[in-house]
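First up is the structure itself, then whatever we jot down about it.
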Number of protein chains: 4
Amino acid sequence: MNSTQIRISYADTDQMGMVYYGNYLTYFERGRTEWLRELGFDYKSVEARGLYLPVLHAECNYHAPAKYDDIITIETKLTNITAASMTFNCQVKANGKLLVSGSTKLTMVNASFKPVRIPADIKSILEQNLES
Amino acid sequence: MNSTQIRISYADTDQMGMVYYGNYLTYFERGRTEWLRELGFDYKSVEARGLYLPVLHAECNYHAPAKYDDIITIETKLTNITAASMTFNCQVKANGKLLVSGSTKLTMVNASFKPVRIPADIKSILEQNLES
Amino acid sequence: MNSTQIRISYADTDQMGMVYYGNYLTYFERGRTEWLRELGFDYKSVEARGLYLPVLHAECNYHAPAKYDDIITIETKLTNITAASMTFNCQVKANGKLLVSGSTKLTMVNASFKPVRIPADIKSILEQNLES
Amino acid sequence: MNSTQIRISYADTDQMGMVYYGNYLTYFERGRTEWLRELGFDYKSVEARGLYLPVLHAECNYHAPAKYDDIITIETKLTNITAASMTFNCQVKANGKLLVSGSTKLTMVNASFKPVRIPADIKSILEQNLES
């Protein structure tokens, strides 16, 4: 599991005085990126190999709102892998309290956006870091 | 069902050359807003009564990407109502092709963010416009 | 001058109950895009020729805030052209009242992001539509 | 001068493969917020006193683009104060290279959005930290 902290900007709030619901998908992205980086490779280097990871499915459950200036913790773990896809679970917390939980499923594609098998070197690292 | 069109801004794209996955939740919001307006009341007037509709759950399935300058059609219908919540289904299309489908469940709260029963006048309109 | 209308999303508001100041640059983009389209070519076709128009300078003066659900009018005119750049003035209004005025200066570059002369066919259209 | 670092999200890029021009205003906001925090008070506490700091004027000069996953440094200093306003200069850098420079002028208003004099305790801290 990777744990990453970010501070909520004014830009991310809405007139309900809390973070706009769509912005959590950006926090989920940040969590996935840091999860990958912690394993020794970064998503930028994946794109440099002509591979991309568009999102197939995303889901958010909103328990309590993040507010302006909160430091949120984004906890990310990899929960499933197939030949061409991976699924991450994500929990956004502040002050130890769960705010939003969810998941994203990504698929690996080539530059023509055709699904491709995840290369063996990446798959091996993913498999070693799969959590249930 | 409400059908609303918007044009994709450059701001909404990412370096994969397509709309960033989180932005569809903004399009879903726009669809819900126009669905309500079509029934003769607007969300702004709901807030003017001290009632709010934060999102409890959101889900997106990404079939094909929207691109810069596309005119997308957002089709929205209400598929469920409970005492305090409502669920909308949403389909984003371009040129007749389904790009993204999903749903959002919202709950009605008061100014203290406590769930409250949907007022009878609003509930009556919702019930008359429930689709399966 | 091009005049384009858009409706303010909840996503664009912040906890001050008005549009977040950075979002006007997205509205300015939309105004420039529609200005170009009105002249019979679109920015997408410029990129298809391997030419890009990154922004060199942007400026906003905030007179009054746009609010959620407002229909804003974005008035755009081209006020200057040089060999490689163009400057647009922009006024955002609602209900006839000026909310935000500003300008953006863009420069034409090639796929290597080197400044290039604006092609004669585009420059000719621009020159015919220059306003002071 | 305050110096704050943030990492660029995929969400902040556009299809030109760089940060969308409007997003720098969010980075400027973040720089101002951290500048204030470094002086021992935070903007959240300003709002808790019923005071707000909407932006009157913003300006950006784009020298070179920030890219996905870059760690940018936002350098912020206060360059002017009047009875009700303050002006911040901002420089966004990566790897020691200047990417974007600009400024924002904010005005202090009360809950009715009427300009008010900056309270003496805040003004005193600002004046001690004015740079040219």
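Chain labels follow the order of the structure tokens: the first chain is A, the next B, and so on; residue numbering restarts at 1 in every chain, and ligands are counted from 1 in their shown order.
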
Task: DSSP strand (DSSP E or B) residues within region 19-118 of chain A, as a ChimeraX atom specification - done: /A:19,52,55-62,71-81,85-94,97-107,109,115

Return as JSON lines the residues of region 17-101 of chain A lying at most 10 Å from region 57-72 of chain B, together with the closest atom-to-atom pair for each and the distance in Å to one decimal, counting only C-alpha atoms, with rows in chain order and ascending residue number.
{"residue": "A:Tyr21", "atom": "CA", "partner": "B:Ala58", "partner_atom": "CA", "distance": 8.6}
{"residue": "A:Gly22", "atom": "CA", "partner": "B:Ala58", "partner_atom": "CA", "distance": 8.9}
{"residue": "A:Pro54", "atom": "CA", "partner": "B:Tyr62", "partner_atom": "CA", "distance": 8.8}
{"residue": "A:Val55", "atom": "CA", "partner": "B:Tyr62", "partner_atom": "CA", "distance": 6.8}
{"residue": "A:Leu56", "atom": "CA", "partner": "B:Tyr62", "partner_atom": "CA", "distance": 4.9}
{"residue": "A:His57", "atom": "CA", "partner": "B:Asn61", "partner_atom": "CA", "distance": 4.6}
{"residue": "A:Ala58", "atom": "CA", "partner": "B:Cys60", "partner_atom": "CA", "distance": 5.3}
{"residue": "A:Glu59", "atom": "CA", "partner": "B:Glu59", "partner_atom": "CA", "distance": 4.3}
{"residue": "A:Cys60", "atom": "CA", "partner": "B:Ala58", "partner_atom": "CA", "distance": 5.3}
{"residue": "A:Asn61", "atom": "CA", "partner": "B:His57", "partner_atom": "CA", "distance": 4.6}
{"residue": "A:Tyr62", "atom": "CA", "partner": "B:His57", "partner_atom": "CA", "distance": 6.0}
{"residue": "A:His63", "atom": "CA", "partner": "B:His57", "partner_atom": "CA", "distance": 9.0}
{"residue": "A:Val100", "atom": "CA", "partner": "B:His57", "partner_atom": "CA", "distance": 9.5}
{"residue": "A:Ser101", "atom": "CA", "partner": "B:His57", "partner_atom": "CA", "distance": 9.8}

Open item on the list: I need the residues in chain D that are alpha helix (DSSP H) according to DSSP; give them as JSON, numbers by chain.
Closed with: {"D": [24, 25, 26, 27, 28, 29, 30, 31, 32, 33, 34, 35, 36, 37, 38, 43, 44, 45, 46, 47, 48, 120, 121, 122, 123, 124, 125, 126, 127, 128]}

Quick one: everything within 12 Å of Met86 (chain D), counting only C-alpha atoms, minus sequence neighbours fewer than 6 positions away in the same chain. Send it as a PDB file with C-alpha atoms, in the first residue's frame.
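Result file is around.pdb:
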ATOM      1  CA  ARG D  32       0.057  32.651  -1.700  1.00  0.00           C
ATOM      2  CA  LEU D  36       0.653  33.300   4.492  1.00  0.00           C
ATOM      3  CA  LEU D  53      -9.563  37.821  -0.413  1.00  0.00           C
ATOM      4  CA  PRO D  54     -11.016  37.651  -3.930  1.00  0.00           C
ATOM      5  CA  VAL D  55      -8.610  38.311  -6.793  1.00  0.00           C
ATOM      6  CA  LEU D  56      -8.836  41.680  -8.592  1.00  0.00           C
ATOM      7  CA  HIS D  57      -6.156  41.148 -11.187  1.00  0.00           C
ATOM      8  CA  LYS D  77       6.665  37.232  -2.515  1.00  0.00           C
ATOM      9  CA  LEU D  78       4.487  40.145  -1.439  1.00  0.00           C
ATOM     10  CA  THR D  79       5.398  43.214  -3.484  1.00  0.00           C
ATOM     11  CA  ASN D  80       2.740  45.785  -2.610  1.00  0.00           C
ATOM     12  CA  SER D 103       1.280  38.375 -10.261  1.00  0.00           C
ATOM     13  CA  THR D 104      -2.046  38.493  -8.492  1.00  0.00           C
ATOM     14  CA  LYS D 105      -3.667  41.438  -6.730  1.00  0.00           C
ATOM     15  CA  LEU D 106      -6.222  40.598  -4.049  1.00  0.00           C
ATOM     16  CA  THR D 107      -8.584  42.844  -2.173  1.00  0.00           C
ATOM     17  CA  MET D 108      -9.957  42.284   1.302  1.00  0.00           C
ATOM     18  CA  ARG D 117      -9.397  47.900   5.440  1.00  0.00           C
ATOM     19  CA  ILE D 118      -6.965  45.088   6.183  1.00  0.00           C
ATOM     20  CA  ILE D 122      -2.683  41.237   9.523  1.00  0.00           C
ATOM     21  CA  LYS D 123      -1.391  44.465   7.987  1.00  0.00           C
ATOM     22  CA  LEU D 126       2.277  41.900   5.783  1.00  0.00           C
ATOM     23  CA  GLU D 127       4.287  45.117   6.081  1.00  0.00           C
ATOM     24  CA  ASN D 129       7.282  40.884   4.909  1.00  0.00           C
ATOM     25  CA  LEU D 130       6.999  43.238   1.962  1.00  0.00           C
ATOM     26  CA  GLU D 131       9.704  42.676  -0.646  1.00  0.00           C
TER      27      GLU D 131
END

- [ ] Pull out every residue of chain D sitting within 8 Å of chain A, counting only C-alpha atoms, and send them as JSON, numbers by chain.
- [x] {"D": [9, 10, 11, 26, 29, 30, 44, 68, 69]}

Go ahead and save the residues from that selection, with N, CA and C atoms, as a PDB file, in the first residue's frame.
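Wrote out-v2.pdb, looks like this:
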ATOM      1  N   SER D   9       0.117  16.778 -11.788  1.00  0.00           N
ATOM      2  CA  SER D   9      -0.776  15.642 -12.054  1.00  0.00           C
ATOM      3  C   SER D   9      -1.066  15.517 -13.550  1.00  0.00           C
ATOM      4  N   TYR D  10      -1.452  14.325 -13.944  1.00  0.00           N
ATOM      5  CA  TYR D  10      -1.916  14.095 -15.313  1.00  0.00           C
ATOM      6  C   TYR D  10      -3.125  14.988 -15.617  1.00  0.00           C
ATOM      7  N   ALA D  11      -3.973  15.148 -14.618  1.00  0.00           N
ATOM      8  CA  ALA D  11      -5.176  15.983 -14.748  1.00  0.00           C
ATOM      9  C   ALA D  11      -4.857  17.402 -15.207  1.00  0.00           C
ATOM     10  N   THR D  26      -3.945  28.261 -10.267  1.00  0.00           N
ATOM     11  CA  THR D  26      -4.089  27.405  -9.085  1.00  0.00           C
ATOM     12  C   THR D  26      -2.753  27.274  -8.352  1.00  0.00           C
ATOM     13  N   GLU D  29      -2.214  30.409  -6.434  1.00  0.00           N
ATOM     14  CA  GLU D  29      -3.027  30.366  -5.201  1.00  0.00           C
ATOM     15  C   GLU D  29      -2.292  29.576  -4.127  1.00  0.00           C
ATOM     16  N   ARG D  30      -1.769  28.420  -4.496  1.00  0.00           N
ATOM     17  CA  ARG D  30      -1.070  27.573  -3.550  1.00  0.00           C
ATOM     18  C   ARG D  30       0.150  28.306  -2.967  1.00  0.00           C
ATOM     19  N   LYS D  44      -7.476  30.235   5.918  1.00  0.00           N
ATOM     20  CA  LYS D  44      -8.701  29.676   6.493  1.00  0.00           C
ATOM     21  C   LYS D  44      -9.136  30.485   7.716  1.00  0.00           C
ATOM     22  N   TYR D  68       4.008  16.865 -17.268  1.00  0.00           N
ATOM     23  CA  TYR D  68       3.506  15.836 -16.362  1.00  0.00           C
ATOM     24  C   TYR D  68       4.627  15.309 -15.464  1.00  0.00           C
ATOM     25  N   ASP D  69       4.342  15.192 -14.199  1.00  0.00           N
ATOM     26  CA  ASP D  69       5.205  14.569 -13.201  1.00  0.00           C
ATOM     27  C   ASP D  69       6.374  15.456 -12.763  1.00  0.00           C
TER      28      ASP D  69
END

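Rounded to one decimal, CA of Glu75 (chain B) and CA of Gln128 (chain B) lie 18.0 Å from each other.
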
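Note that CA of Lys93 (chain A) and CA of Ile81 (chain B) are 29.2 Å apart.
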
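With CA of Thr73 (chain C) on one side and CA of Trp35 (chain C) on the other, the separation reads 12.9 Å.
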